[in-house]
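Peer 1: Next up, structure-v2.cif (mmCIF, C-alpha atoms).
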data_upload
#
loop_
_atom_site.label_atom_id
_atom_site.label_comp_id
_atom_site.auth_asym_id
_atom_site.auth_seq_id
_atom_site.Cartn_x
_atom_site.Cartn_y
_atom_site.Cartn_z
CA MET A 14 -32.06 29.79 -36.15
CA SER A 15 -30.51 32.24 -33.74
CA ALA A 16 -31.25 32.30 -30.04
CA GLU A 17 -33.10 35.61 -30.43
CA GLN A 18 -35.37 34.16 -33.11
CA LEU A 19 -36.02 31.09 -30.98
CA PHE A 20 -36.90 33.29 -28.02
CA ASN A 21 -39.28 35.39 -30.13
CA ARG A 22 -40.96 32.23 -31.39
CA TRP A 23 -41.45 30.99 -27.83
CA ILE A 24 -42.91 34.33 -26.82
CA LYS A 25 -45.31 34.30 -29.78
CA TRP A 26 -46.53 30.76 -29.13
CA THR A 27 -46.87 31.51 -25.42
CA LEU A 28 -49.07 34.52 -26.19
CA VAL A 29 -51.13 32.46 -28.65
CA LEU A 30 -51.54 29.71 -26.05
CA PHE A 31 -52.50 32.24 -23.41
CA ALA A 32 -55.10 33.78 -25.74
CA LEU A 33 -56.55 30.36 -26.53
CA VAL A 34 -56.70 29.38 -22.84
CA PHE A 35 -58.21 32.75 -21.90
CA GLY A 36 -60.80 32.47 -24.69
CA TYR A 37 -61.62 28.91 -23.64
CA TYR A 38 -62.02 30.06 -20.05
CA LEU A 39 -64.44 32.83 -21.05
CA ALA A 40 -66.49 30.53 -23.26
CA ALA A 41 -66.49 27.72 -20.72
CA ASP A 42 -67.57 30.04 -17.90
CA LEU A 43 -70.54 31.25 -19.97
CA TYR A 44 -71.68 28.08 -21.75
CA MET A 45 -70.35 25.14 -19.72
CA PRO A 46 -69.62 26.45 -16.21
CA VAL A 47 -68.03 24.25 -13.58
CA THR A 48 -67.66 24.72 -9.83
CA THR A 49 -65.87 22.89 -7.07
CA ASP A 50 -67.92 24.66 -4.40
CA SER A 51 -70.56 21.92 -4.09
CA LEU A 52 -71.89 19.80 -1.25
CA VAL A 53 -74.11 16.77 -0.72
CA GLN A 54 -77.25 17.86 1.12
CA ARG A 55 -79.84 15.92 3.14
CA TYR A 56 -82.51 17.02 5.55
CA VAL A 57 -81.21 16.96 9.11
CA VAL A 58 -83.92 16.70 11.76
CA GLN A 59 -83.01 18.10 15.16
CA VAL A 60 -84.86 15.91 17.64
CA ALA A 61 -85.89 17.58 20.91
CA PRO A 62 -88.19 16.53 23.76
CA GLN A 63 -91.38 18.53 24.12
CA VAL A 64 -91.34 18.20 27.91
CA PRO A 65 -88.44 18.63 30.36
CA GLY A 66 -87.04 15.69 32.26
CA ARG A 67 -84.15 13.40 33.08
CA VAL A 68 -83.07 10.79 30.54
CA VAL A 69 -83.64 7.27 31.89
CA SER A 70 -82.88 5.26 28.75
CA VAL A 71 -81.31 5.74 25.30
CA ALA A 72 -82.65 3.25 22.76
CA VAL A 73 -80.26 3.97 19.86
CA GLN A 74 -76.55 4.06 19.15
CA ASN A 75 -74.43 6.41 17.12
CA ASN A 76 -74.78 5.95 13.34
CA GLN A 77 -77.71 3.59 13.82
CA GLN A 78 -80.34 3.60 11.09
CA VAL A 79 -83.88 4.03 12.41
CA LYS A 80 -87.37 3.99 10.94
CA LYS A 81 -90.11 6.52 11.47
CA GLY A 82 -91.77 5.76 14.83
CA ASP A 83 -88.75 4.01 16.40
CA LEU A 84 -88.02 4.94 20.03
CA LEU A 85 -84.95 7.16 20.41
CA PHE A 86 -84.84 7.89 24.15
CA GLU A 87 -87.10 8.14 27.19
CA LEU A 88 -87.44 10.66 30.00
CA ASP A 89 -88.34 9.86 33.61
CA PRO A 90 -92.15 9.47 33.57
CA ALA A 91 -92.68 9.50 37.38
CA ASP A 92 -93.65 13.17 37.71
CA TYR A 93 -95.97 12.99 34.71
CA GLN A 94 -97.66 9.82 36.01
CA LEU A 95 -98.43 11.67 39.26
CA LYS A 96 -99.83 14.59 37.26
CA LEU A 97 -102.01 12.17 35.32
CA GLU A 98 -103.34 10.56 38.51
CA LEU A 99 -104.05 13.96 40.02
CA ALA A 100 -105.92 15.03 36.88
CA GLN A 101 -107.98 11.83 37.01
CA LEU A 102 -108.89 12.51 40.65
CA GLN A 103 -109.87 16.07 39.82
CA LEU A 104 -112.11 14.82 37.02
CA GLU A 105 -113.76 12.30 39.35
CA GLN A 106 -114.28 15.02 41.96
CA SER A 107 -115.81 17.33 39.34
CA GLN A 108 -118.12 14.56 38.16
CA GLN A 109 -119.20 13.89 41.75
CA ASN A 110 -119.90 17.60 42.22
CA ASN A 111 -121.89 17.49 39.02
CA ARG A 112 -124.01 14.63 40.32
CA GLN A 113 -124.60 16.48 43.58
CA LEU A 114 -125.63 19.61 41.71
CA SER A 115 -127.93 17.55 39.49
CA ALA A 116 -129.64 16.17 42.58
CA ALA A 117 -129.85 19.67 44.05
CA LEU A 118 -131.34 20.88 40.77
CA GLN A 119 -134.04 18.21 40.87
CA SER A 120 -134.80 19.09 44.48
CA ALA A 121 -135.02 22.80 43.61
CA ALA A 122 -137.35 22.03 40.72
CA ALA A 123 -139.55 19.98 43.06
CA ARG A 124 -139.67 22.86 45.53
CA VAL A 125 -140.73 25.21 42.72
CA ASP A 126 -143.57 22.86 41.78
CA GLN A 127 -144.57 22.54 45.41
CA ALA A 128 -144.54 26.32 45.89
CA ARG A 129 -146.60 26.78 42.72
CA PHE A 130 -149.20 24.28 43.87
CA ALA A 131 -149.31 25.91 47.31
CA LEU A 132 -149.83 29.33 45.72
CA GLN A 133 -152.67 28.01 43.57
CA GLU A 134 -154.30 26.49 46.65
CA VAL A 135 -154.14 29.68 48.76
CA GLN A 136 -155.34 31.72 45.78
CA ARG A 137 -158.43 29.52 45.52
CA GLU A 138 -158.94 29.83 49.28
CA ASP A 139 -158.60 33.60 49.01
CA GLN A 140 -161.23 33.73 46.28
CA ARG A 141 -163.66 31.79 48.51
CA TYR A 142 -162.94 34.05 51.50
CA GLN A 143 -163.47 37.07 49.25
CA GLN A 144 -166.92 35.81 48.25
CA LEU A 145 -167.82 34.98 51.88
CA TYR A 146 -166.66 38.40 53.01
CA ASN A 147 -168.76 40.09 50.32
CA GLN A 148 -171.78 38.14 51.65
CA LYS A 149 -170.95 39.32 55.19
CA LEU A 150 -170.44 35.74 56.32
CA ILE A 151 -166.86 36.10 57.66
CA PRO A 152 -165.03 38.93 59.40
CA ARG A 153 -162.40 41.12 57.75
CA GLN A 154 -159.68 39.49 59.80
CA GLN A 155 -160.07 36.13 58.05
CA LEU A 156 -159.89 37.83 54.64
CA ASP A 157 -156.71 39.61 55.63
CA GLN A 158 -155.20 36.34 56.82
CA SER A 159 -156.09 34.74 53.47
CA GLN A 160 -154.48 37.56 51.48
CA THR A 161 -151.37 37.38 53.65
CA ALA A 162 -151.13 33.66 52.92
CA VAL A 163 -151.26 34.45 49.18
CA LEU A 164 -148.41 36.95 49.49
CA LYS A 165 -146.37 34.48 51.50
CA ALA A 166 -146.94 31.73 48.90
CA LYS A 167 -145.85 34.12 46.10
CA ALA A 168 -142.67 34.97 48.00
CA GLU A 169 -141.90 31.28 48.54
CA LEU A 170 -142.44 30.64 44.81
CA GLN A 171 -140.10 33.48 43.89
CA ALA A 172 -137.46 32.22 46.30
CA SER A 173 -137.65 28.64 45.04
CA THR A 174 -137.57 29.87 41.40
CA ALA A 175 -134.44 31.94 42.13
CA ASP A 176 -132.81 28.93 43.81
CA LEU A 177 -133.63 26.79 40.76
CA ALA A 178 -132.08 29.37 38.41
CA GLU A 179 -128.93 29.42 40.53
CA ARG A 180 -128.66 25.63 40.41
CA GLU A 181 -129.14 25.65 36.65
CA ALA A 182 -126.40 28.26 36.22
CA GLU A 183 -124.01 26.19 38.34
CA LEU A 184 -124.78 23.06 36.38
CA GLY A 185 -124.14 24.71 33.04
CA ILE A 186 -127.51 24.59 31.31
CA PRO A 187 -127.98 23.80 28.43
CA THR A 188 -124.79 21.72 28.14
CA GLN A 189 -125.62 19.86 31.35
CA GLU A 190 -121.89 19.79 32.14
CA LEU A 191 -119.98 21.78 34.69
CA VAL A 192 -117.29 24.15 33.54
CA GLN A 193 -115.11 22.43 36.14
CA ILE A 194 -115.62 19.10 34.37
CA LYS A 195 -114.50 20.60 31.06
CA GLN A 196 -111.41 22.02 32.74
CA ALA A 197 -110.70 18.69 34.42
CA ARG A 198 -111.04 16.85 31.10
CA ASN A 199 -108.60 19.26 29.47
CA GLN A 200 -106.13 18.89 32.34
CA LEU A 201 -106.39 15.12 32.08
CA ALA A 202 -105.75 15.26 28.32
CA VAL A 203 -102.73 17.54 28.85
CA ALA A 204 -101.35 15.25 31.56
CA GLN A 205 -101.76 12.21 29.30
CA LEU A 206 -100.10 14.04 26.42
CA GLU A 207 -97.14 15.07 28.59
CA LEU A 208 -96.75 11.50 29.82
CA ASP A 209 -96.77 10.21 26.24
CA ARG A 210 -94.15 12.78 25.29
CA THR A 211 -91.65 11.37 27.78
CA LYS A 212 -90.94 8.83 25.03
CA VAL A 213 -89.30 10.50 22.03
CA TYR A 214 -89.67 8.79 18.65
CA ALA A 215 -88.11 9.32 15.22
CA ASP A 216 -90.25 11.45 12.92
CA VAL A 217 -88.53 10.29 9.72
CA ASP A 218 -86.41 7.43 8.42
CA GLY A 219 -82.81 8.34 9.00
CA ILE A 220 -79.45 7.80 10.63
CA VAL A 221 -78.60 8.94 14.15
CA THR A 222 -75.31 10.79 14.06
CA ASP A 223 -72.99 12.46 16.56
CA LEU A 224 -74.96 10.95 19.44
CA GLN A 225 -73.76 12.34 22.77
CA LEU A 226 -76.84 11.67 24.91
CA GLU A 227 -76.31 9.75 28.14
CA VAL A 228 -78.62 8.39 30.83
CA GLY A 229 -79.01 10.91 33.63
CA THR A 230 -78.84 13.99 31.43
CA ASN A 231 -81.40 16.63 32.37
CA LEU A 232 -83.06 18.09 29.30
CA ALA A 233 -85.15 21.21 28.88
CA SER A 234 -88.19 21.18 26.66
CA HIS A 235 -87.50 21.88 22.97
CA GLN A 236 -83.74 21.44 23.56
CA ALA A 237 -82.20 19.88 20.44
CA THR A 238 -80.57 16.66 21.58
CA VAL A 239 -80.28 14.16 18.73
CA ALA A 240 -79.39 14.80 15.08
CA LEU A 241 -81.25 12.56 12.66
CA VAL A 242 -80.03 12.61 9.05
CA SER A 243 -82.93 11.79 6.77
CA THR A 244 -82.42 9.05 4.20
CA GLN A 245 -85.58 9.86 2.26
CA GLN A 246 -84.21 12.65 0.05
CA SER A 247 -80.77 13.92 -0.94
CA TRP A 248 -79.45 16.40 -3.45
CA VAL A 249 -76.35 18.40 -4.37
CA SER A 250 -76.12 22.16 -3.91
CA ALA A 251 -73.56 24.08 -5.94
CA LEU A 252 -72.52 27.74 -5.92
CA PHE A 253 -72.07 29.41 -9.34
CA ARG A 254 -71.23 32.97 -10.30
CA GLU A 255 -74.25 34.91 -11.52
CA LYS A 256 -73.05 35.29 -15.09
CA SER A 257 -72.34 31.56 -15.30
CA LEU A 258 -76.07 30.91 -14.95
CA LEU A 259 -77.03 33.03 -17.94
CA HIS A 260 -77.93 29.99 -20.05
CA VAL A 261 -78.99 27.72 -17.18
CA GLN A 262 -82.59 26.83 -16.41
CA GLN A 263 -84.58 24.14 -14.65
CA GLY A 264 -83.81 20.75 -16.17
CA THR A 265 -80.36 21.69 -17.53
CA GLU A 266 -78.14 18.60 -17.67
CA ALA A 267 -75.32 18.37 -15.15
CA LEU A 268 -72.47 15.98 -14.42
CA ILE A 269 -71.10 15.48 -10.91
CA THR A 270 -67.94 13.92 -9.56
CA PHE A 271 -67.37 13.47 -5.84
CA ASP A 272 -64.11 13.74 -3.96
CA ALA A 273 -64.99 10.53 -2.11
CA LEU A 274 -65.49 8.60 -5.39
CA PRO A 275 -62.63 9.58 -7.71
CA GLY A 276 -62.87 8.50 -11.34
CA GLU A 277 -66.68 8.26 -11.28
CA VAL A 278 -69.07 10.70 -12.95
CA PHE A 279 -72.78 10.84 -12.11
CA SER A 280 -75.64 12.30 -14.10
CA ALA A 281 -77.91 14.98 -12.63
CA SER A 282 -80.10 17.89 -13.63
CA VAL A 283 -80.83 21.35 -12.30
CA ARG A 284 -83.80 21.11 -9.91
CA ASP A 285 -84.04 24.81 -9.11
CA ILE A 286 -82.03 27.96 -8.43
CA ASP A 287 -82.44 29.76 -5.11
CA ALA A 288 -84.31 33.06 -5.40
CA GLY A 289 -81.75 35.03 -3.38
CA VAL A 290 -78.87 35.12 -0.93
CA ALA A 291 -78.64 36.22 2.69
CA ASN A 292 -76.77 39.50 2.14
CA GLY A 293 -79.57 40.68 -0.14
CA GLN A 294 -82.17 40.43 2.60
CA SER A 295 -83.14 43.53 4.56
CA THR A 296 -84.99 43.57 7.87
CA PRO A 297 -87.48 46.37 8.69
CA ASP A 298 -85.81 47.27 12.00
CA GLY A 299 -86.24 51.04 11.82
CA ARG A 300 -82.56 51.69 11.12
CA LEU A 301 -80.99 53.42 8.15
CA ALA A 302 -79.50 51.33 5.39
CA THR A 303 -75.86 50.31 5.55
CA ALA A 304 -74.00 51.16 2.34
CA ASP A 305 -71.44 48.44 1.64
CA SER A 306 -68.51 49.81 -0.32
CA SER A 307 -65.45 48.24 -1.88
CA SER A 308 -62.22 49.93 -2.93
CA ARG A 309 -61.32 47.07 -5.25
CA TRP A 310 -61.42 47.76 -8.96
CA VAL A 311 -62.82 44.26 -9.64
CA ARG A 312 -65.14 43.11 -6.89
CA ASP A 313 -65.92 39.52 -6.03
CA ALA A 314 -68.71 38.04 -8.12
CA GLN A 315 -71.95 37.16 -6.40
CA ARG A 316 -72.66 33.45 -6.16
CA LEU A 317 -76.05 31.80 -6.31
CA LYS A 318 -76.99 28.36 -5.05
CA VAL A 319 -78.12 25.82 -7.62
CA ASN A 320 -79.81 22.64 -6.39
CA LEU A 321 -79.30 19.51 -8.48
CA ALA A 322 -81.26 16.27 -8.46
CA MET A 323 -79.36 13.04 -9.06
CA GLN A 324 -80.58 10.79 -11.88
CA GLN A 325 -79.75 7.70 -9.81
CA GLN A 326 -79.65 6.75 -6.15
CA MET A 327 -77.14 8.71 -4.12
CA PRO A 328 -74.18 6.40 -3.31
CA SER A 329 -74.19 5.24 0.30
CA ALA A 330 -70.53 6.26 0.68
CA LEU A 331 -71.53 9.92 0.51
CA VAL A 332 -72.46 11.72 3.71
CA VAL A 333 -73.97 15.12 4.36
CA GLY A 334 -71.35 17.69 3.41
CA SER A 335 -69.39 15.48 1.01
CA ARG A 336 -67.52 17.66 -1.48
CA ALA A 337 -68.35 17.53 -5.18
CA THR A 338 -67.51 19.16 -8.48
CA VAL A 339 -70.42 20.08 -10.75
CA GLN A 340 -70.22 20.53 -14.50
CA LEU A 341 -73.20 22.03 -16.34
CA VAL A 342 -73.62 20.70 -19.89
CA PRO A 343 -74.89 22.89 -22.79
CA GLN A 344 -78.11 21.64 -24.31
CA ASP A 345 -77.92 23.05 -27.82
CA ASN A 346 -74.25 22.68 -28.76
CA SER A 347 -72.83 19.19 -29.21
CA LEU A 348 -69.19 20.40 -29.41
CA LEU A 349 -69.40 22.31 -26.13
CA ALA A 350 -71.28 19.40 -24.56
CA ALA A 351 -68.45 17.04 -25.57
CA LEU A 352 -65.88 19.46 -24.15
CA ALA A 353 -67.85 19.70 -20.90
CA LYS A 354 -67.98 15.93 -20.52
CA SER A 355 -64.27 15.63 -21.25
CA GLN A 356 -63.56 18.36 -18.71
CA ILE A 357 -65.48 16.66 -15.87
CA GLN A 358 -63.87 13.30 -16.74
CA LEU A 359 -60.43 14.89 -16.37
CA ILE A 360 -61.43 16.45 -13.05
CA SER A 361 -62.73 13.09 -11.77
CA LEU A 362 -59.38 11.49 -12.56
CA LEU A 363 -57.51 14.31 -10.82
CA HIS A 364 -59.45 13.42 -7.63
CA TYR A 365 -57.11 10.45 -7.35
CA VAL A 366 -54.29 12.95 -6.77
CA TYR A 367 -55.89 15.55 -4.49
#
Mind converting the file's structure to structure tokens?

Peer 2:
Amino acid sequence: MSAEQLFNRWIKWTLVLFALVFGYYLAADLYMPVTTDSLVQRYVVQVAPQVPGRVVSVAVQNNQQVKKGDLLFELDPADYQLKLELAQLQLEQSQQNNRQLSAALQSAAARVDQARFALQEVQREDQRYQQLYNQKLIPRQQLDQSQTAVLKAKAELQASTADLAEREAELGIPTQELVQIKQARNQLAVAQLELDRTKVYADVDGIVTDLQLEVGTNLASHQATVALVSTQQSWVSALFREKSLLHVQQGTEALITFDALPGEVFSASVRDIDAGVANGQSTPDGRLATADSSSRWVRDAQRLKVNLAMQQQMPSALVVGSRATVQLVPQDNSLLAALAKSQIQLISLLHYVY
């Protein structure tokens, strides 16, 4: 065989091999897609104090595992204790004022009764004087004095009734509780709540990571200070091209290999597919739309995030952000499924090298 014939044979077999590889790539991307753009995900809780203050103690260390309700750190409670004491004094003062107003109310009610009885008495006297005057037994002057006494008694009754109404309004009828007492109770509750919030506790089971909090640090309220990585739930998120998800649905089988655990393959399934990506979101800000354009003949494919649930417990060696490779397995084709499993096994072995 001449050199030219040998060269032609090599060219032919190279083209055949290229066609086979290209065809395999197209079929694999549609029916058994794989991606290396995958990460281990866990909920990360950003712990922040709800009141400002100076840190007086830190109860945890970096990478320490904590339970829900464990103390993380404490702020200086001195200012909040003073606020609590002041609120308690204000409540006591309001209650004392309430007792004084209650006594004043009883006194005003007694004066109203007294004025009413006095009016009834002078009215009876006036009726007798009126009869005596009609019988010409007393002079007009005595009748006038009797009628004046009735008018005076009515005025005193009106005055005492108005004073009683004022006392009732101050006391807060019908609740029988001063508005000031309600305000004082609320201030006391707020002061107690703020004092309680000087101690910051873990809201979930997790691991404290990247702890940089020191005693003496002044913190503002709602300032994220401690990162708490939850240990209650973990999953893997993978980015796939849109067309690669054509035959993928919830529950589709997946195989995962992690860079941190070369040679091992873990079973998983598709939990869900995100409904969108950030660059597809528009904000109603009153501006005209921005038309993104590309001069490239073949633009970059859009990628969607697929969330996968592990079939077994996530290995403890994996941390948030650990890299992974995800292989989706066809459900209705045993040959392609076997190829997919062989492919992810090969990739897991290659993790020993890179």

Peer 1: Exactly which residues make up the result of the PyMOL selection byres ((chain A and resi 53-58) around 10) on this file, given as a VMD selection string?

Peer 2: chain A and resid 51 to 52 59 to 61 215 to 217 219 to 222 237 239 to 251 271 320 to 321 327 331 to 337

Peer 1: Just want the 10 Å neighbourhood of A:Ser107, counted on only C-alpha atoms, with same-chain residues fewer than 4 positions away dropped. Output as a list in words.

Peer 2: Gln101, Leu102, Gln103, Asn111, Arg112, Gln113, Glu190, Leu191, Val192, Gln193, Ile194, Lys195, Gln196, Ala197 and Arg198 of chain A

Peer 1: Keeping C-alpha atoms for every residue in the selection just given, could you write it to a file as a PDB file, in the frame of the given file?

Peer 2:
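Just written: part15.pdb:
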ATOM      1  CA  GLN A 101    -107.980  11.830  37.010  1.00  0.00           C
ATOM      2  CA  LEU A 102    -108.890  12.510  40.650  1.00  0.00           C
ATOM      3  CA  GLN A 103    -109.870  16.070  39.820  1.00  0.00           C
ATOM      4  CA  ASN A 111    -121.890  17.490  39.020  1.00  0.00           C
ATOM      5  CA  ARG A 112    -124.010  14.630  40.320  1.00  0.00           C
ATOM      6  CA  GLN A 113    -124.600  16.480  43.580  1.00  0.00           C
ATOM      7  CA  GLU A 190    -121.890  19.790  32.140  1.00  0.00           C
ATOM      8  CA  LEU A 191    -119.980  21.780  34.690  1.00  0.00           C
ATOM      9  CA  VAL A 192    -117.290  24.150  33.540  1.00  0.00           C
ATOM     10  CA  GLN A 193    -115.110  22.430  36.140  1.00  0.00           C
ATOM     11  CA  ILE A 194    -115.620  19.100  34.370  1.00  0.00           C
ATOM     12  CA  LYS A 195    -114.500  20.600  31.060  1.00  0.00           C
ATOM     13  CA  GLN A 196    -111.410  22.020  32.740  1.00  0.00           C
ATOM     14  CA  ALA A 197    -110.700  18.690  34.420  1.00  0.00           C
ATOM     15  CA  ARG A 198    -111.040  16.850  31.100  1.00  0.00           C
TER      16      ARG A 198
END

Peer 1: Determine, for each residue of stretch 30-124 of chain A having at least one atom at most 7 Å from an atom of stretch 252-256 of chain A, the closest pair of atoms and their separation in Å to one decimal, counting only C-alpha atoms; order by chain and ascending number, as CSV.

Peer 2:
residue,atom,partner,partner_atom,distance
A:Leu43,CA,A:Lys256,CA,6.8
A:Thr48,CA,A:Phe253,CA,6.5
A:Asp50,CA,A:Leu252,CA,5.7
A:Ser51,CA,A:Leu252,CA,6.4

Peer 1: Include C-alpha atoms and write out the residues we just selected as a PDB file, in the coordinates of the input.

Peer 2:
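Written out: selection-v5.pdb:
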ATOM      1  CA  LEU A  43     -70.540  31.250 -19.970  1.00  0.00           C
ATOM      2  CA  THR A  48     -67.660  24.720  -9.830  1.00  0.00           C
ATOM      3  CA  ASP A  50     -67.920  24.660  -4.400  1.00  0.00           C
ATOM      4  CA  SER A  51     -70.560  21.920  -4.090  1.00  0.00           C
TER       5      SER A  51
END

Peer 1: What's the 12 Å shell around A:Asp42, counting all atoms listed in the file, without same-chain residues fewer than 2 positions away, as an MDAnalysis selection string?

Peer 2: chainID A and resid 34:40 44:48 253:261 340:343 349 353

Peer 1: Calculate how many Å separate atom CA of A:Val69 from atom CA of A:Asn231, rounding to one decimal.

Peer 2: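 A separation of 9.6 Å between them.
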
Peer 1: Output the residue selection produced by the PyMOL selection byres ((chain A and resi 289) around 12) on the file above, formatted as JSON, numbers by chain.

Peer 2: {"A": [255, 285, 286, 287, 288, 290, 291, 292, 293, 294, 295, 315, 316, 317, 318, 319]}

Peer 1: Taking C-alpha atoms for each residue, export the selection above as a CSV table (one decimal), in the frame of the given file.

Peer 2:
chain,number,residue,atom,x,y,z
A,255,GLU,CA,-74.2,34.9,-11.5
A,285,ASP,CA,-84.0,24.8,-9.1
A,286,ILE,CA,-82.0,28.0,-8.4
A,287,ASP,CA,-82.4,29.8,-5.1
A,288,ALA,CA,-84.3,33.1,-5.4
A,290,VAL,CA,-78.9,35.1,-0.9
A,291,ALA,CA,-78.6,36.2,2.7
A,292,ASN,CA,-76.8,39.5,2.1
A,293,GLY,CA,-79.6,40.7,-0.1
A,294,GLN,CA,-82.2,40.4,2.6
A,295,SER,CA,-83.1,43.5,4.6
A,315,GLN,CA,-72.0,37.2,-6.4
A,316,ARG,CA,-72.7,33.4,-6.2
A,317,LEU,CA,-76.0,31.8,-6.3
A,318,LYS,CA,-77.0,28.4,-5.0
A,319,VAL,CA,-78.1,25.8,-7.6

Peer 1: Mind pulling up the distance from atom CA of A:Leu348 to atom CA of A:Asp272?

Peer 2: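 Computing it gives 26.8 Å between the two atoms.
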
Peer 1: If we draw a sphere of 10 Å around (-73.4, 10.2, 21.6), which residues have at least one atom in it when counting all atoms listed in the file? Please report them as JSON, numbers by chain.

Peer 2: {"A": [71, 73, 74, 75, 76, 221, 222, 223, 224, 225, 226, 227, 238, 239, 240]}

Peer 1: Could you list the residues chosen by the PyMOL selection byres ((chain A and resi 159-162) around 10) in this structure as an NGL selection string?

Peer 2: :A and (131-132 or 135-143 or 153-158 or 163-168)

Peer 1: Nearest to A:Val203: which of A:Ala41, A:Ala117, A:Val64, A:Ala267 is it, counting all atoms listed in the file?

Peer 2: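 Of A:Ala41, A:Ala117, A:Val64, A:Ala267, the one nearest A:Val203 is A:Val64, counting all atoms listed in the file.
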
Peer 1: Set the distance at 9 Å and use only C-alpha atoms: which residues neighbour A:Ser280 once local chain neighbours fewer than 6 positions away are removed? I'd like the list as a PyMOL selection string.

Peer 2: chain A and resi 266-269+322-325

Peer 1: So, with all atoms listed in the file as the atoms that count, which of A:Leu118, A:Ala302, A:Val283, A:Ile151 lies closest to A:Gln262?

Peer 2: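 Selected residue with least distance to A:Gln262: A:Val283.
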
Peer 1: Do you have the atom CA of A:Arg67-atom CA of A:Thr211 distance handy?

Peer 2: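 Atom CA of A:Arg67 sits 9.4 Å away from atom CA of A:Thr211.
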
Peer 1: Hey, which of A:Leu150, A:Leu201, A:Val68, A:Ala128 ends up closest to A:Gln171? Count all atoms listed in the file.

Peer 2: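 Between A:Leu150, A:Leu201, A:Val68, A:Ala128, the residue approaching A:Gln171 most closely is A:Ala128.
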
Peer 1: Please determine, counting only C-alpha atoms, which residue among A:Asp209, A:Glu98, A:Asp218, A:Asp298 has the shortest atom-to-atom distance to A:Gly82.

Peer 2: A:Asp218

Peer 1: I'd like to know which of A:Gln94, A:Ser70, A:Asn199, A:Thr174 is closest to A:Ser120, using only C-alpha atoms.

Peer 2: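 Of the candidates, the smallest distance to A:Ser120 is held by A:Thr174.
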
Peer 1: Given all atoms listed in the file as the basis, pick out the residue of A:Arg124, A:Arg22, A:Arg300, A:Lys96 nearest to A:Gln205.

Peer 2: A:Lys96
